[in-house]
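Enquirer: Sharing a structure below in structure tokens format, with a few things to ask.
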Amino acid sequence: MNQLLQKYPQEIQTILAKYPADRKRSAVMPLLHLAQQEPGYITKQALQEIGEILEMPITDIDSIVGFYTLYHEQPGGRYHVQVCTDLPCALRGADEFLKQLCENIGIKVGETTPDGMVTIEEVKCLAGCHHAPMFQVQGDGDISYHEDQTVESAVELIAKLRDRKEAA
Amino acid sequence: MSTYRILRHRDIPNIASLDVYRAEGGFEAFHKAVAGMQPSDVLNEVKASGLRGRGGAGFPAGLKWSFIPNNLWPHYVVANADESEPGTFKDREIMESNPFQFLEGLMLASYAVQAHDAYIYLRGEFWQIAKSLDGKIAELEAAGLLGDKIYGTEYSLRLHTHLGAGAYICGEETALLESIEGNRGQPRLRPPFPAVYGLFGKPTVINNVETLANVPGIIANGTAWFREQGTEKSPGVKVFSLSGCVNKPGNYELPLGTTFRELIFNYGGGLPEGRSIKAIMPAGASSSLITADDRALDTPMDYESVAALGSALGSASVIVLDDSVNVAWMVSKTVEFFKHESCGKCTPCREGTYWMSHIADRIVKGDSRKEDIDLLNYVARQMQGKCLCALGEFSTMAVVTGIEQFREDFEKLQRS
């Protein structure tokens, strides 16, 4: 039974309708985004199911998951706090911000809090250079931007994220 | 009326709502085109305006459209909303705050080349913008501005959003097409060019968001109006993204040909107290570095003048470096970026960015050998002219010009 198809019949129809009927493969990225929404990463089963829907080899789908950084191959925290440390952000203190944030939360870059809620990551440019330090939060099927941050405001936000019980 | 042409939301509240946008003259250009102009008239008007691509290359938009052959169908238009160049954040503001002007431009481009489907490729991080645009597109369908038989004519058009998932390379237009087709975002060998063999193997026009946002004004007000601003060869206004060591970073809509000095000191509020300007990167991480002397500061920011300085205007993402910044550190940051974003398809870029990052890192950490500065320069020069797409070439710009202009910054970090 294809659980993805069962769970999101409407969404999948809408996605497939965007592309020519003989170009179903185009739907692979939106379907991966959809499959990742709940578990927070791409499960082996999801690869299988997307392969069935799009009649596409699983190795091809896996290579796409590996290529794009927003798809996660392993389970991480429910929320990924992704801090940009590229040049324009670094000129406004992003490296030091990330270092202090990690020290405050007590984990290293790439690690997840013991409760499994928050993973802190270092990422490339997010188009928020004028509001650095800044980061995005990926989780619960959404991505939100948090700009003009201080270590204090970020610590506070992470505490709130860790308190969340139900999916927003 | 707005004093702005692109960032009109800054003095027209709620222009992101369809009613307000229409009350301000929105979709009059689209109506004028679809109900009363031949597609070729629209194309010729944009060609005559001299509008140049705002994504980086500065290629004339109308000319690009004119390459679409009329014996191969269907045609597609793709909006490049993959804005990922470090230092660039203008398309995001346009799509967030003045979305209908961008959509109208996309619709006009589609009409001009008679495309019936157009795609908006957004970087995956613009998740919320994509959701918002989906809502705007639905509103336009409900209002009869998209769909079948628009304004009672035979013309039909549908817009679709497509989200990427975190890959800078997808801003390169053929990699972007691969990504929409469900492949890894790796550039294609050219020719054939997208105008002939583009999306799904069909003739395709690809334009940047800001380029498209310029089109409604040109069709509504004409070429002479468009050319009132800017220079002869670089007409119109540009949204400059200003970042780095300045007091007021942000987007500034100014005529092309405004000087660096005006942007940085008049609009950007200058540098923080006690700091002085050292260098300018006019095109984000892809820039050839410009030493900020008086001649450079008084250079007009248009495509020709910045090229004459040995750099390029690119997407006009101006990063300011002050006297506290070590250029070797800056270089280590940019090459680390390109190493991460290299798609791995061609060897010079995949290996070259890896080695440049490795050596630059060594220099910054104080672990370098005496010959490392020359080695870094040598690797960069070996890559030039040999990469499959512009990413590889861009990755060498800051390296070569940084060593050329600020070699002492690299030497300072070496063990004596």
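Labels used: A, B, ... for chains in the order of the structure tokens, numbers from 1 for residues in each chain, and numbers from 1 for ligands as shown.
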Define the interface residues of chain B facing chain A as those within 9 Å, counting only C-alpha atoms, and report them as a PyMOL selection string.
Expert: chain B and resi 83-90+92+119+124-128+159-168+179-185+200+241-245+248-251+284-285+319-321+325+330+333-334+336-337+340-341+343
Enquirer: If you run DSSP on the backbone, which residues of stretch 241-395 of chain B are helix (DSSP H, G or I), as a VMD selection string?
Expert: chain B and resid 260 to 267 284 to 286 294 to 297 303 to 308 327 to 341 347 to 364 372 to 383 390 to 395
Enquirer: Report, in Å with one decimal, the straight-line distance from atom CA of B:Tyr21 to atom CA of B:Asn221.
Expert: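 Spanning atom CA of B:Tyr21 to atom CA of B:Asn221 is a straight-line distance of 16.2 Å.
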Enquirer: Please, which residues of stretch 154-274 of chain B, numbered as in this document, come out strand (DSSP E) from DSSP, as a PyMOL selection string?
Expert: chain B and resi 158-163+204-208+237-244+250-255
Enquirer: Considering only C-alpha atoms, can you say which of B:Ile359, B:Ile169, B:Ala283, B:Leu388 comes closest to B:Phe338?
Expert: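 Ranked by minimum distance to B:Phe338, first place goes to B:Ile169.
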Enquirer: List the neighbours of B:Met37 out to 12 Å using only C-alpha atoms; skip same-chain residues closer than 4 positions along the sequence, and give me the result as an mmCIF file with C-alpha atoms, in the first residue's frame.
Expert:
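What landed in selection.cif:
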data_model
loop_
_atom_site.group_PDB
_atom_site.id
_atom_site.type_symbol
_atom_site.label_atom_id
_atom_site.label_comp_id
_atom_site.auth_asym_id
_atom_site.auth_seq_id
_atom_site.Cartn_x
_atom_site.Cartn_y
_atom_site.Cartn_z
ATOM 1 C CA ALA B 29 -0.183 46.695 -19.309
ATOM 2 C CA PHE B 30 -1.201 43.053 -19.513
ATOM 3 C CA HIS B 31 -4.661 44.034 -20.738
ATOM 4 C CA LYS B 32 -3.196 46.432 -23.285
ATOM 5 C CA ALA B 33 -0.906 43.685 -24.577
ATOM 6 C CA ASP B 41 4.856 44.261 -30.667
ATOM 7 C CA VAL B 42 5.375 43.465 -26.990
ATOM 8 C CA LEU B 43 8.705 41.845 -27.769
ATOM 9 C CA ASN B 44 9.838 44.774 -29.887
ATOM 10 C CA GLU B 45 8.859 47.288 -27.232
ATOM 11 C CA LEU B 108 3.748 39.714 -20.391
ATOM 12 C CA TYR B 111 2.421 36.498 -24.023
ATOM 13 C CA ALA B 112 5.327 37.953 -26.005
ATOM 14 C CA THR B 153 -9.157 36.236 -26.562
ATOM 15 C CA ILE B 219 4.525 48.245 -21.782
ATOM 16 C CA ALA B 220 2.320 50.692 -19.857
#
Enquirer: Env of A:Val109: 7 Å cut, atoms = only C-alpha atoms, seq-sep filter 5 positions within chain, self excluded. Answer as a ChimeraX atom specification.
Expert: /A:102,120-122
Enquirer: How many Å lie between atom CA of B:Thr291 and atom CA of B:Gly230, rounded to one decimal?
Expert: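 Answer for the atom CA of B:Thr291 to atom CA of B:Gly230 separation: 24.4 Å.
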Enquirer: Using only C-alpha atoms, find the one residue out of A:Ala154, A:Ile53, A:Met134, A:Met117 that sits nearest to A:Leu5.
Expert: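 Going through A:Ala154, A:Ile53, A:Met134, A:Met117 one by one, the smallest distance to A:Leu5 is for A:Ile53.
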Enquirer: Mind giving me the straight-line distance from atom CA of B:Tyr4 to atom CA of B:Tyr252 in Å, one decimal?
Expert: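 Atom-to-atom, atom CA of B:Tyr4 and atom CA of B:Tyr252 are spaced 10.2 Å apart.
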Enquirer: Could you pull the residues within 12 Å of B:Glu371, counting only C-alpha atoms, minus those fewer than 3 positions along the same chain, as a VMD selection string?
Expert: chain B and resid 359 362 to 363 367 to 368 374 to 378 410 to 411 414 to 415
Enquirer: Neighbouring residues of A:Pro9 were defined as those with any atom within 12 Å, considering only C-alpha atoms; residues of the same chain fewer than 6 positions away were excluded. Please report them as a count of residues only.
Expert: 7
Enquirer: I'd like the neighbourhood of B:Trp329 as a PyMOL selection string, where a residue qualifies if any of its atoms comes within 6 Å (using only C-alpha atoms), though same-chain residues fewer than 3 positions away should be ignored.
Expert: chain B and resi 326+332+364
Enquirer: Selection from above, N, CA and C atoms, as a compact mmCIF listing (two decimals), in the first residue's frame, can you write it?
Expert:
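Writing the result to part_2.txt gives the following:
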# COMPACT_ATOMS: atom_id res chain seq x y z
N ASN B 326 40.55 41.25 6.74
CA ASN B 326 41.69 40.68 6.05
C ASN B 326 41.19 39.99 4.78
N SER B 332 38.93 33.05 1.85
CA SER B 332 38.65 31.72 2.41
C SER B 332 37.14 31.51 2.54
N VAL B 364 44.72 31.06 6.34
CA VAL B 364 44.01 31.79 7.40
C VAL B 364 44.34 31.23 8.78
